[in-house]
$ cat my_file_13.txt   # compact mmCIF, C-alpha atoms
# COMPACT_ATOMS: atom_id res chain seq x y z
CA MET W 1 -10.68 67.23 93.84
CA SER W 2 -7.41 68.73 95.12
CA VAL W 3 -5.39 67.53 98.06
CA TRP W 4 -6.47 70.51 100.15
CA GLN W 5 -10.16 69.97 99.37
CA ARG W 6 -10.07 66.27 100.34
CA GLY W 7 -8.26 67.03 103.57
CA ARG W 8 -10.66 69.89 104.36
CA TRP W 9 -13.84 67.79 103.93
CA THR W 10 -12.40 64.95 106.06
CA LEU W 11 -11.53 67.39 108.83
CA LEU W 12 -14.98 69.09 108.65
CA LEU W 13 -16.75 65.71 108.88
CA LEU W 14 -14.89 64.69 112.06
CA VAL W 15 -15.33 68.14 113.63
CA SER W 16 -19.07 68.07 112.82
CA VAL W 17 -19.52 64.68 114.49
CA GLY W 18 -17.64 65.85 117.57
CA VAL W 19 -19.51 69.17 117.89
CA SER W 20 -22.93 67.51 117.40
CA GLY W 21 -22.34 65.57 120.60
CA VAL W 22 -23.19 68.76 122.51
CA TRP W 23 -26.88 68.11 121.71
CA TRP W 24 -27.19 64.34 121.90
CA SER W 25 -24.45 63.17 124.32
CA PRO W 26 -24.55 63.47 128.13
CA TRP W 27 -20.82 64.19 127.93
CA PRO W 28 -20.57 67.01 125.37
CA PHE W 29 -16.80 66.93 124.79
CA LEU W 30 -16.44 63.14 124.66
CA PRO W 31 -17.43 62.77 120.93
CA LEU W 32 -15.08 65.64 120.02
CA ALA W 33 -12.18 64.00 121.90
CA ALA W 34 -12.96 60.64 120.29
CA ALA W 35 -13.05 62.19 116.80
CA SER W 36 -9.74 64.00 117.45
CA THR W 37 -8.14 60.81 118.76
CA LEU W 38 -9.38 58.89 115.72
CA LEU W 39 -7.98 61.55 113.38
CA LEU W 40 -4.63 61.50 115.21
CA LEU W 41 -4.50 57.70 115.06
CA ILE W 42 -5.24 57.64 111.30
CA ASN W 43 -2.57 60.26 110.62
CA SER W 44 -0.03 58.39 112.78
CA VAL W 45 -0.67 55.11 110.97
CA GLN W 46 -0.38 56.82 107.58
CA THR W 47 2.83 58.56 108.65
CA LEU W 48 4.43 55.31 109.84
CA ARG W 49 3.45 53.50 106.63
CA LEU W 50 4.94 56.30 104.51
CA ARG W 51 8.15 56.34 106.55
CA ASP W 52 8.61 52.56 106.35
CA TRP W 53 7.95 52.57 102.61
CA LEU W 54 10.46 55.35 101.96
CA THR W 55 13.08 53.58 104.11
CA HIS W 56 12.62 50.27 102.30
CA TYR W 57 12.56 51.97 98.92
CA GLU W 58 15.89 53.66 99.61
CA HIS W 59 17.64 50.48 100.74
CA THR W 60 16.07 47.87 98.47
CA HIS W 61 15.13 50.00 95.42
CA TYR W 62 11.53 48.80 95.41
CA GLU W 63 9.47 49.69 92.39
CA PRO W 64 6.83 52.45 92.90
CA LYS W 65 3.98 49.88 92.59
CA ASP W 66 5.10 48.40 95.94
CA ALA W 67 3.88 51.47 97.85
CA PRO W 68 1.63 50.67 100.89
CA PRO W 69 -2.11 51.54 100.93
CA LEU W 70 -2.36 55.23 101.83
CA TYR W 71 -5.36 57.52 101.85
CA GLY W 72 -6.09 61.19 101.44
CA VAL W 73 -3.28 63.66 101.66
CA TRP W 74 -0.79 60.87 102.43
CA GLN W 75 -1.56 59.17 99.15
CA ASP W 76 -0.89 62.45 97.37
CA ILE W 77 2.40 62.82 99.22
CA ALA W 78 3.38 59.27 98.23
CA ASN W 79 2.51 60.05 94.59
CA LEU W 80 4.66 63.18 94.67
CA VAL W 81 7.54 61.18 96.13
CA GLN W 82 7.08 58.39 93.59
CA ARG W 83 7.28 60.71 90.61
CA PRO W 84 11.03 61.54 90.84
CA LEU W 85 11.69 57.98 92.01
CA ARG W 86 10.08 56.58 88.86
CA ARG W 87 12.06 59.02 86.76
CA GLY W 88 15.27 58.03 88.54
CA GLN W 89 14.54 54.35 87.96
CA ARG W 90 14.04 54.97 84.25
CA TYR W 91 17.29 56.92 83.99
CA LYS W 92 19.12 54.26 85.98
CA ARG W 93 17.87 51.46 83.73
CA ARG W 94 18.78 53.50 80.65
CA TYR W 95 22.30 54.28 81.88
CA GLN W 96 22.81 50.70 83.01
CA ALA W 97 21.83 49.48 79.54
CA ILE W 98 24.30 51.90 77.95
CA THR W 99 27.05 50.83 80.39
CA ASP W 100 26.38 47.16 79.72
CA ARG W 101 26.47 47.77 75.98
CA ILE W 102 29.79 49.65 76.22
CA GLN W 103 31.32 46.89 78.33
CA ASP W 104 30.04 44.18 75.98
CA SER W 105 31.46 45.97 72.92
CA THR W 106 34.75 46.70 74.69
CA SER W 107 35.04 43.09 75.80
CA ALA W 108 34.77 42.03 72.16
CA LEU W 109 37.77 44.15 71.09
CA GLN W 110 40.98 42.43 70.02
CA GLU W 111 42.96 45.07 71.91
CA ALA W 112 43.26 44.87 75.68
CA VAL W 113 41.40 47.66 77.52
CA ILE W 114 42.19 48.38 81.16
CA MET W 115 40.75 51.04 83.49
CA VAL W 116 42.96 52.13 86.40
CA ASP W 117 41.94 54.51 89.18
CA ARG W 118 43.97 57.49 90.37
CA HIS W 119 45.82 55.29 92.89
CA GLY W 120 46.99 52.93 90.14
CA ASN W 121 44.60 50.13 91.11
CA LEU W 122 42.74 48.00 88.57
CA GLU W 123 39.04 48.78 88.20
CA TRP W 124 37.96 46.95 85.05
CA TRP W 125 39.46 45.12 82.05
CA ASN W 126 38.24 43.11 79.06
CA HIS W 127 38.93 39.52 78.02
CA SER W 128 41.90 40.44 75.83
CA ALA W 129 43.67 41.90 78.88
CA GLU W 130 43.37 38.51 80.55
CA ARG W 131 44.81 36.86 77.45
CA PHE W 132 47.67 39.37 76.97
CA LEU W 133 48.64 40.08 80.58
CA GLY W 134 47.25 37.18 82.61
CA LEU W 135 44.81 39.30 84.67
CA ARG W 136 42.24 37.30 86.62
CA ALA W 137 38.77 38.42 87.64
CA PRO W 138 37.75 39.10 90.35
CA ALA W 139 40.98 38.27 92.23
CA ASP W 140 42.99 41.14 90.65
CA THR W 141 40.33 43.83 91.10
CA ASN W 142 41.63 46.81 93.12
CA GLN W 143 45.18 45.45 92.91
CA PRO W 144 48.01 47.85 91.88
CA ILE W 145 48.74 47.31 88.20
CA THR W 146 52.48 47.62 88.80
CA ASN W 147 52.28 44.55 91.07
CA LEU W 148 50.79 42.51 88.22
CA ILE W 149 52.97 43.85 85.37
CA ARG W 150 56.35 43.64 87.05
CA ALA W 151 58.61 44.84 84.22
CA PRO W 152 60.75 47.74 85.55
CA GLU W 153 60.25 49.60 82.25
CA PHE W 154 56.48 49.55 82.75
CA SER W 155 56.67 50.80 86.34
CA GLU W 156 58.94 53.65 85.30
CA TYR W 157 56.70 54.52 82.33
CA PHE W 158 53.46 54.31 84.34
CA ASN W 159 54.75 56.46 87.22
CA ALA W 160 56.44 59.06 85.01
CA ASP W 161 53.09 60.50 83.79
CA ASP W 162 54.57 61.18 80.35
CA PHE W 163 52.49 59.16 77.90
CA SER W 164 53.30 61.04 74.71
CA ALA W 165 54.98 57.94 73.26
CA PRO W 166 53.82 54.32 73.62
CA LEU W 167 55.80 51.65 75.46
CA THR W 168 56.60 48.28 73.89
CA LEU W 169 57.27 45.25 76.11
CA LEU W 170 57.18 41.49 76.03
CA SER W 171 53.99 39.97 77.42
CA PRO W 172 54.42 38.73 81.02
CA VAL W 173 52.55 35.50 80.17
CA ARG W 174 53.62 34.90 76.55
CA SER W 175 57.34 34.96 75.91
CA LYS W 176 57.16 35.71 72.17
CA MET W 177 54.34 38.26 72.21
CA TYR W 178 55.23 41.97 71.99
CA LEU W 179 52.71 44.43 73.44
CA GLU W 180 52.41 48.18 72.89
CA PHE W 181 50.96 50.15 75.82
CA ASN W 182 49.10 53.43 75.19
CA VAL W 183 47.98 55.29 78.33
CA THR W 184 45.36 58.07 78.31
CA PRO W 185 44.61 60.01 81.54
CA PHE W 186 40.99 60.99 82.17
CA GLY W 187 38.75 62.10 85.02
CA ARG W 188 40.55 62.74 88.31
CA ASN W 189 43.88 61.26 87.26
CA ASP W 190 42.29 57.95 86.30
CA ARG W 191 43.96 56.18 83.38
CA LEU W 192 42.75 54.18 80.40
CA ILE W 193 45.30 51.70 79.05
CA ILE W 194 44.99 50.31 75.53
CA VAL W 195 47.32 47.38 74.77
CA HIS W 196 47.98 46.29 71.17
CA ASP W 197 49.57 43.06 70.01
CA VAL W 198 52.45 44.27 67.82
CA THR W 199 54.20 40.91 67.50
CA ARG W 200 53.58 40.76 63.75
CA LEU W 201 54.88 44.31 63.26
CA ARG W 202 58.03 43.51 65.23
CA GLN W 203 58.58 40.41 63.14
CA LEU W 204 58.17 42.39 59.92
CA GLU W 205 60.53 45.08 61.22
CA GLN W 206 63.11 42.45 62.12
CA MET W 207 62.73 40.87 58.68
CA ARG W 208 63.33 44.27 57.09
CA LYS W 209 66.45 44.85 59.20
CA ASP W 210 67.81 41.40 58.40
CA PHE W 211 67.07 41.88 54.71
CA VAL W 212 68.84 45.25 54.56
CA ALA W 213 71.83 43.94 56.51
CA ASN W 214 72.15 40.78 54.43
CA VAL W 215 71.73 42.54 51.08
CA SER W 216 74.23 45.23 52.09
CA HIS W 217 76.80 42.63 53.06
CA GLU W 218 76.19 40.66 49.87
CA LEU W 219 76.55 43.77 47.68
CA ARG W 220 79.76 44.91 49.30
CA THR W 221 81.95 42.16 47.84
CA PRO W 222 80.85 42.46 44.17
CA LEU W 223 81.05 46.26 44.36
CA THR W 224 84.61 46.01 45.67
CA VAL W 225 85.51 43.74 42.76
CA ILE W 226 83.84 46.02 40.19
CA ARG W 227 85.56 49.13 41.53
CA GLY W 228 88.92 47.33 41.52
CA TYR W 229 88.56 46.32 37.85
CA LEU W 230 87.40 49.84 36.90
CA GLU W 231 90.51 51.33 38.51
CA THR W 232 92.62 48.78 36.62
CA PHE W 233 90.93 49.73 33.32
CA GLU W 234 91.63 53.39 34.03
CA ASP W 235 95.35 52.69 34.45
CA LEU W 236 95.51 50.56 31.28
CA CYS W 237 93.31 52.68 29.03
CA ALA W 238 95.11 56.00 28.99
CA ASP W 239 95.05 56.02 25.17
CA LEU W 240 91.29 55.32 24.83
CA PRO W 241 89.15 57.80 22.91
CA GLU W 242 87.51 60.57 24.96
CA ARG W 243 84.02 59.08 24.58
CA GLN W 244 85.09 55.71 26.03
CA LEU W 245 87.00 57.43 28.84
CA ARG W 246 83.85 59.38 29.69
CA ILE W 247 81.89 56.12 29.90
CA LEU W 248 84.54 54.63 32.16
CA THR W 249 84.45 57.72 34.39
CA GLN W 250 80.66 57.53 34.72
CA MET W 251 80.91 53.85 35.64
CA GLN W 252 83.42 54.71 38.37
CA GLU W 253 81.20 57.50 39.71
CA GLN W 254 78.14 55.26 39.89
CA ALA W 255 80.13 52.42 41.45
CA GLY W 256 81.42 54.87 44.08
CA ARG W 257 77.89 56.07 44.73
CA MET W 258 76.68 52.50 45.17
CA ASP W 259 79.57 51.84 47.53
CA SER W 260 78.60 54.88 49.64
CA LEU W 261 74.99 53.68 49.72
CA VAL W 262 76.02 50.21 50.90
CA ARG W 263 78.26 51.69 53.60
CA ASP W 264 75.43 53.89 54.89
CA LEU W 265 73.02 50.94 54.90
CA LEU W 266 75.54 48.91 56.91
CA VAL W 267 75.92 51.78 59.37
CA LEU W 268 72.12 51.93 59.81
CA SER W 269 71.99 48.17 60.32
CA ARG W 270 74.59 48.39 63.07
CA LEU W 271 72.74 51.30 64.71
CA GLU W 272 69.49 49.32 64.79
CA THR W 273 71.08 46.54 66.85
CA GLN W 274 71.27 46.90 70.61
CA HIS W 275 74.61 47.86 72.17
CA GLN W 276 76.17 45.26 74.41
CA GLU W 277 79.19 47.28 75.49
CA PRO W 278 78.88 50.23 77.93
CA PRO W 279 79.36 53.80 76.64
CA ASN W 280 82.70 55.55 77.09
CA PRO W 281 83.66 59.18 77.77
CA ILE W 282 84.01 61.01 74.44
CA ASP W 283 86.33 63.98 73.98
CA VAL W 284 83.88 65.96 71.87
CA ILE W 285 86.19 68.96 71.44
CA SER W 286 88.98 66.89 69.83
CA LEU W 287 86.43 65.05 67.72
CA LEU W 288 84.92 68.29 66.39
CA GLU W 289 88.37 69.76 65.70
CA GLN W 290 89.27 66.72 63.56
CA ILE W 291 86.00 66.81 61.61
CA THR W 292 86.30 70.56 61.10
CA GLU W 293 89.78 70.11 59.61
CA GLU W 294 88.39 67.47 57.24
CA ALA W 295 85.56 69.84 56.25
CA ILE W 296 88.02 72.68 55.58
CA ALA W 297 90.13 70.35 53.40
CA MET W 298 87.00 69.24 51.51
CA SER W 299 85.89 72.84 51.02
CA ALA W 300 89.29 73.81 49.58
CA GLY W 301 88.80 77.47 50.45
CA ARG W 302 85.30 77.76 48.94
CA HIS W 303 83.65 78.41 52.34
CA CYS W 304 84.38 80.21 55.59
CA ILE W 305 84.20 77.47 58.27
CA ARG W 306 84.47 78.36 61.97
CA LEU W 307 84.43 76.17 65.07
CA SER W 308 83.25 77.72 68.35
CA ILE W 309 83.83 75.82 71.60
CA GLU W 310 81.67 77.25 74.41
CA SER W 311 81.71 74.29 76.81
CA ASP W 312 84.42 71.91 77.98
CA ASP W 313 81.97 69.10 78.82
CA ASP W 314 82.36 65.59 77.47
CA ILE W 315 79.56 63.05 77.04
CA LEU W 316 79.27 59.31 77.51
CA GLY W 317 78.64 57.52 74.24
CA TYR W 318 80.10 55.68 71.28
CA ALA W 319 82.89 57.49 69.49
CA GLN W 320 82.39 55.95 66.04
CA GLU W 321 78.67 56.72 66.03
CA LEU W 322 79.16 60.33 67.15
CA ARG W 323 81.86 60.82 64.54
CA SER W 324 79.45 59.54 61.87
CA ALA W 325 76.62 61.83 63.04
CA PHE W 326 78.73 64.98 63.39
CA THR W 327 80.49 64.30 60.08
CA ASN W 328 77.17 63.95 58.28
CA LEU W 329 75.90 67.27 59.61
CA ILE W 330 79.10 69.20 58.89
CA ILE W 331 79.86 67.67 55.48
CA ASN W 332 76.23 68.22 54.41
CA ALA W 333 76.67 71.91 55.17
CA VAL W 334 79.80 71.98 52.98
CA LYS W 335 78.02 70.15 50.15
CA TYR W 336 74.86 72.25 50.08
CA THR W 337 76.27 75.72 50.86
CA PRO W 338 77.22 77.81 47.80
CA GLU W 339 80.76 79.12 47.39
CA GLN W 340 81.77 82.02 49.65
CA GLY W 341 79.14 80.86 52.15
CA HIS W 342 79.66 80.75 55.91
CA ILE W 343 79.44 77.62 58.09
CA ASN W 344 79.51 77.97 61.88
CA ILE W 345 79.99 74.94 64.14
CA ARG W 346 79.24 75.31 67.89
CA TRP W 347 79.62 73.09 70.93
CA PHE W 348 77.73 74.68 73.83
CA ARG W 349 75.48 74.10 76.82
CA ASP W 350 71.83 75.16 76.58
CA LYS W 351 70.23 75.00 80.02
CA GLN W 352 70.49 71.29 80.92
CA ASN W 353 71.42 70.14 77.41
CA LEU W 354 74.71 69.88 75.57
CA CYS W 355 74.37 70.81 71.92
CA MET W 356 76.36 70.71 68.70
CA SER W 357 74.95 72.97 66.02
CA VAL W 358 75.89 73.51 62.37
CA THR W 359 74.60 76.75 60.86
CA ASP W 360 74.99 77.86 57.24
CA ASP W 361 73.74 80.71 55.08
CA GLY W 362 72.95 78.53 52.08
CA VAL W 363 69.78 78.11 50.05
CA GLY W 364 67.74 76.79 52.99
CA ILE W 365 64.95 74.22 53.02
CA ASP W 366 61.24 74.77 52.51
CA ALA W 367 59.22 74.34 55.73
CA HIS W 368 57.05 71.46 54.47
CA HIS W 369 60.18 69.30 53.97
CA LEU W 370 61.48 69.64 57.55
CA PRO W 371 59.34 66.92 59.27
CA ARG W 372 60.49 64.30 56.75
CA LEU W 373 64.19 65.10 56.42
CA THR W 374 65.27 62.24 58.70
CA GLU W 375 63.34 59.62 56.71
CA ARG W 376 65.44 57.17 54.73
CA PHE W 377 66.08 58.21 51.12
CA TYR W 378 63.98 61.38 51.51
CA ARG W 379 65.40 64.31 49.56
CA ALA W 380 64.20 67.89 49.77
CA ASP W 381 65.77 68.56 46.36
CA ALA W 382 66.56 65.41 44.41
CA SER W 383 68.55 67.25 41.73
CA ARG W 384 70.94 68.81 44.25
CA SER W 385 71.40 65.51 46.08
CA LYS W 386 72.33 63.72 42.87
CA ALA W 387 74.77 66.48 41.99
CA THR W 388 76.52 66.16 45.36
CA GLY W 389 76.44 62.36 45.44
CA GLY W 390 74.23 62.06 48.53
CA THR W 391 72.61 58.74 49.43
CA GLY W 392 69.58 60.13 51.29
CA LEU W 393 70.59 58.24 54.45
CA GLY W 394 72.80 60.79 56.22
CA LEU W 395 70.14 62.40 58.42
CA ALA W 396 68.56 59.01 59.12
CA ILE W 397 71.93 57.92 60.50
CA VAL W 398 72.13 61.10 62.59
CA LYS W 399 68.67 60.46 64.05
CA HIS W 400 69.52 56.88 65.05
CA VAL W 401 72.82 57.94 66.62
CA LEU W 402 71.09 60.60 68.71
CA LEU W 403 68.41 58.12 69.81
CA HIS W 404 71.20 55.86 71.11
CA HIS W 405 72.59 58.83 73.04
CA GLN W 406 69.22 59.99 74.44
CA GLY W 407 69.30 63.07 72.24
CA GLU W 408 67.31 64.65 69.46
CA LEU W 409 67.90 66.51 66.21
CA ILE W 410 66.37 69.98 65.89
CA ILE W 411 66.18 71.45 62.39
CA THR W 412 65.36 75.08 61.64
CA SER W 413 65.53 76.52 58.15
CA GLU W 414 64.11 79.24 55.98
CA LEU W 415 64.16 79.13 52.23
CA GLY W 416 66.87 81.47 50.92
CA GLN W 417 68.18 82.22 54.44
CA GLY W 418 70.13 79.10 55.38
CA SER W 419 69.68 76.23 57.84
CA CYS W 420 70.64 75.21 61.36
CA PHE W 421 70.97 71.56 62.44
CA THR W 422 71.33 71.11 66.21
CA ALA W 423 72.11 67.81 67.94
CA CYS W 424 70.95 68.11 71.56
CA PHE W 425 71.85 65.59 74.28
CA ASN W 426 69.24 65.91 77.00
CA SER W 427 69.63 65.97 80.77
CA SER W 428 69.03 62.22 81.16
CA ALA W 429 72.40 61.52 79.51
CA ASN W 430 75.54 61.37 81.66
CA PHE W 431 77.83 64.35 81.14
CA GLY W 432 81.31 64.86 82.48
CA ASN W 433 83.34 68.02 82.91
CA LYS W 434 87.03 67.90 82.20
CA ALA W 435 87.79 70.17 85.09
CA GLY W 436 85.83 67.88 87.42
$ encode --input "my_file_13.txt" --output "structure tokens"
Amino acid sequence: MSVWQRGRWTLLLLVSVGVSGVWWSPWPFLPLAAASTLLLLINSVQTLRLRDWLTHYEHTHYEPKDAPPLYGVWQDIANLVQRPLRRGQRYKRRYQAITDRIQDSTSALQEAVIMVDRHGNLEWWNHSAERFLGLRAPADTNQPITNLIRAPEFSEYFNADDFSAPLTLLSPVRSKMYLEFNVTPFGRNDRLIIVHDVTRLRQLEQMRKDFVANVSHELRTPLTVIRGYLETFEDLCADLPERQLRILTQMQEQAGRMDSLVRDLLVLSRLETQHQEPPNPIDVISLLEQITEEAIAMSAGRHCIRLSIESDDDILGYAQELRSAFTNLIINAVKYTPEQGHINIRWFRDKQNLCMSVTDDGVGIDAHHLPRLTERFYRADASRSKATGGTGLGLAIVKHVLLHHQGELIITSELGQGSCFTACFNSSANFGNKAG
């Protein structure tokens, strides 16, 4: 029976009792008034019960089985209300189970996971975050993360909103633990922070640096002795047969190549150590003029080398490092550009950057080699590098020098059309104008 049918029969029964009083009651309208009052009272009681149940259900999340005893149309109304409430309870339990499972699995991670709201306040973190950073629950909830991780580098990194590169810092609670912070924005400027323990990687990197530096220093002395004896043999063996002279010449060439390799490794070792002294103003124009003269002497008329000065700005930096970087770029152009080729050297300002570019019209470099050119010992063409005596460390040195000067190396090249190497010093570096 439908809701309307049940309500209709109840109403007809009460009306029939009231109307029948016309024949059997001395007061004809009294039964009808009593029946109407009774109907109004029943409906009022049912309405109040339904209202109280809905109010309690909203505030205490009662289960649907806790509904009060209702009858007729009110029971049907309660059932209609309970249907979406039951569905909502099922969805809530399901989502809560998923949330609990995600939090349990995240808490088991070795990496620290931290959720920060759009105001920079802590919302949630796992156990590793407590171990790495000393966070305490629930005392640190809703606290600004920059108040708990007080390193100035972290505050600058977190507020800069540039998370393209990770940040590495010492742990605030463990003096020998290095942590790498990776920040990912999500939602309405909320942020997810993943923190890795990179102590072992830093130790391995330091071991590598120490090994390279120590081996380079140890090789330098025996190489100096070998080269000295080879030069002595060359002076004393003028009457040796041609075949033996050729062997002696090859030994000298290889000893010289080894000496160049050791020197470049020592330069890289020095670049990988932190600078203690402050940077100084560098007269870039004079520096480029000197290197250009050396390149012209090395070319011996085989190339057309031009220097173009389009800015009179100096930069703050380290003269020996900049000389090494600029020399590598310019001498490389001389080595790898065929005879009668053109080499253009420019010092200019590009928007907020100061740049030194070396452009040649040589054989060029295939595009798939470009991302790896600054790797140590990487050669785009091993045969050409061996012919020119390259060590494979020149561009790695350039990259490290530019990193120390807050710059970057931009390489553009097309096979058969030449190459352009541009050292750009970005706007965060301190520039000075001679006229100023």
$ atom_distance --input "my_file_13.txt" --atom1 "CA of Ile309 in chain W" --atom2 "CA of Met356 in chain W"
9.5 Å
$ residues_around --input "my_file_13.txt" --residues "range 360-372 of chain W" --least-positions-apart "6" --cutoff "8 Å" --atoms "all atoms listed in the file" --output "list in words"
Ala333, Tyr336, Thr337, Pro338, Gly341, His342, Ile343, Asn344, Tyr378, Ala380, Ile411, Thr412, Ser413, Glu414, Leu415, Gly416, Gln417, Gly418, Ser419 and Cys420 of chain W
$ closest_residue --input "my_file_13.txt" --among "W:Met258, W:Ile291, W:Ile194, W:Ile114" --to "Arg306 in chain W" --atoms "all atoms listed in the file"
W:Ile291
$ residues_around --input "my_file_13.txt" --residues "Val116 in chain W" --least-positions-apart "2" --cutoff "8 Å" --atoms "all atoms listed in the file" --output "NGL selection string"
:W and (114 or 118-124 or 145 or 190-193)
$ residues_around --input "my_file_13.txt" --residues "Ile397 in chain W" --least-positions-apart "2" --cutoff "10 Å" --atoms "all atoms listed in the file" --output "PyMOL selection string"
chain W and resi 264-265+267-269+271-272+321+324-325+328+374-376+392-395+399-403
$ closest_atom_pairs --input "my_file_13.txt" --of "range 165-198 of chain W" --to "range 155-158 of chain W" --cutoff "10 Å" --atoms "all atoms listed in the file" --output "CSV"
residue,atom,partner,partner_atom,distance
W:Ala165,CA,W:Tyr157,CA,9.8
W:Pro166,CA,W:Tyr157,CA,9.2
W:Leu167,CA,W:Tyr157,CA,7.5
W:Phe181,CA,W:Tyr157,CA,9.7
W:Val183,CA,W:Phe158,CA,8.2
W:Arg191,CA,W:Phe158,CA,9.7
$ atom_distance --input "my_file_13.txt" --atom1 "CA of Gln340 in chain W" --atom2 "CA of Ala300 in chain W"
11.1 Å
$ residues_near_point --input "my_file_13.txt" --point "(75.2, 64.7, 66.3)" --cutoff "12 Å" --atoms "all atoms listed in the file" --output "ChimeraX atom specification"
/W:284,287-288,291,315,317-330,345-347,354-358,394-411,421-425
$ write_last_selection --input "my_file_13.txt" --atoms "C-alpha atoms" --output "compact mmCIF listing (two decimals), in the frame of the given file"
# COMPACT_ATOMS: atom_id res chain seq x y z
CA VAL W 284 83.88 65.96 71.87
CA LEU W 287 86.43 65.05 67.72
CA LEU W 288 84.92 68.29 66.39
CA ILE W 291 86.00 66.81 61.61
CA ILE W 315 79.56 63.05 77.04
CA GLY W 317 78.64 57.52 74.24
CA TYR W 318 80.10 55.68 71.28
CA ALA W 319 82.89 57.49 69.49
CA GLN W 320 82.39 55.95 66.04
CA GLU W 321 78.67 56.72 66.03
CA LEU W 322 79.16 60.33 67.15
CA ARG W 323 81.86 60.82 64.54
CA SER W 324 79.45 59.54 61.87
CA ALA W 325 76.62 61.83 63.04
CA PHE W 326 78.73 64.98 63.39
CA THR W 327 80.49 64.30 60.08
CA ASN W 328 77.17 63.95 58.28
CA LEU W 329 75.90 67.27 59.61
CA ILE W 330 79.10 69.20 58.89
CA ILE W 345 79.99 74.94 64.14
CA ARG W 346 79.24 75.31 67.89
CA TRP W 347 79.62 73.09 70.93
CA LEU W 354 74.71 69.88 75.57
CA CYS W 355 74.37 70.81 71.92
CA MET W 356 76.36 70.71 68.70
CA SER W 357 74.95 72.97 66.02
CA VAL W 358 75.89 73.51 62.37
CA GLY W 394 72.80 60.79 56.22
CA LEU W 395 70.14 62.40 58.42
CA ALA W 396 68.56 59.01 59.12
CA ILE W 397 71.93 57.92 60.50
CA VAL W 398 72.13 61.10 62.59
CA LYS W 399 68.67 60.46 64.05
CA HIS W 400 69.52 56.88 65.05
CA VAL W 401 72.82 57.94 66.62
CA LEU W 402 71.09 60.60 68.71
CA LEU W 403 68.41 58.12 69.81
CA HIS W 404 71.20 55.86 71.11
CA HIS W 405 72.59 58.83 73.04
CA GLN W 406 69.22 59.99 74.44
CA GLY W 407 69.30 63.07 72.24
CA GLU W 408 67.31 64.65 69.46
CA LEU W 409 67.90 66.51 66.21
CA ILE W 410 66.37 69.98 65.89
CA ILE W 411 66.18 71.45 62.39
CA PHE W 421 70.97 71.56 62.44
CA THR W 422 71.33 71.11 66.21
CA ALA W 423 72.11 67.81 67.94
CA CYS W 424 70.95 68.11 71.56
CA PHE W 425 71.85 65.59 74.28
$ closest_residue --input "my_file_13.txt" --among "W:Thr55, W:Asn280, W:Gln75, W:Asn426" --to "Asp350 in chain W" --atoms "only C-alpha atoms"
W:Asn426
$ residues_around --input "my_file_13.txt" --residues "Ile331 in chain W" --least-positions-apart "6" --cutoff "9 Å" --atoms "all atoms listed in the file" --output "ChimeraX atom specification"
/W:291,294-295,298
$ atom_distance --input "my_file_13.txt" --atom1 "CA of Phe154 in chain W" --atom2 "CA of Ser175 in chain W"
16.1 Å
$ residues_around --input "my_file_13.txt" --residues "Arg202 in chain W" --least-positions-apart "4" --cutoff "8 Å" --atoms "only C-alpha atoms" --output "ChimeraX atom specification"
/W:178,198,206
$ write_last_selection --input "my_file_13.txt" --atoms "C-alpha atoms" --output "short mmCIF file (atom, residue, chain, number, x, y, z; two decimals), in the frame of the given file"
data_model
loop_
_atom_site.label_atom_id
_atom_site.label_comp_id
_atom_site.auth_asym_id
_atom_site.auth_seq_id
_atom_site.Cartn_x
_atom_site.Cartn_y
_atom_site.Cartn_z
CA TYR W 178 55.23 41.97 71.99
CA VAL W 198 52.45 44.27 67.82
CA GLN W 206 63.11 42.45 62.12
#
$ axis_aligned_box --input "my_file_13.txt" --around "range 276-288 of chain W" --padding-each-side "8 Å" --output "lines of an AutoDock Vina configuration file"
center_x = 82.6
center_y = 57.1
center_z = 72.2
size_x = 28.8
size_y = 39.7
size_z = 27.5
$ closest_residue --input "my_file_13.txt" --among "W:Asn214, W:Thr184, W:Ser311, W:Gln143" --to "Phe163 in chain W" --atoms "only C-alpha atoms"
W:Thr184
$ closest_residue --input "my_file_13.txt" --among "W:Leu109, W:Thr141, W:Phe132, W:Asn147" --to "Leu169 in chain W" --atoms "only C-alpha atoms"
W:Phe132
$ decode --input "my_file_13.txt" --residues "range 40-46 of chain W" --atoms "N, CA and C atoms" --output "short mmCIF file (atom, residue, chain, number, x, y, z; two decimals), in the first residue's frame"
data_model
loop_
_atom_site.label_atom_id
_atom_site.label_comp_id
_atom_site.auth_asym_id
_atom_site.auth_seq_id
_atom_site.Cartn_x
_atom_site.Cartn_y
_atom_site.Cartn_z
N LEU W 40 -4.76 15.95 14.80
CA LEU W 40 -3.76 17.01 14.92
C LEU W 40 -2.71 16.65 15.97
N LEU W 41 -3.16 16.04 17.09
CA LEU W 41 -2.23 15.66 18.13
C LEU W 41 -1.26 14.58 17.64
N ILE W 42 -1.80 13.57 16.92
CA ILE W 42 -0.92 12.50 16.40
C ILE W 42 0.12 13.07 15.44
N ASN W 43 -0.34 13.94 14.55
CA ASN W 43 0.59 14.53 13.57
C ASN W 43 1.65 15.40 14.26
N SER W 44 1.24 16.13 15.32
CA SER W 44 2.20 16.98 16.04
C SER W 44 3.25 16.12 16.73
N VAL W 45 2.81 15.03 17.38
CA VAL W 45 3.76 14.15 18.05
C VAL W 45 4.72 13.54 17.04
N GLN W 46 4.20 13.08 15.90
CA GLN W 46 5.06 12.49 14.88
C GLN W 46 6.05 13.51 14.33
#
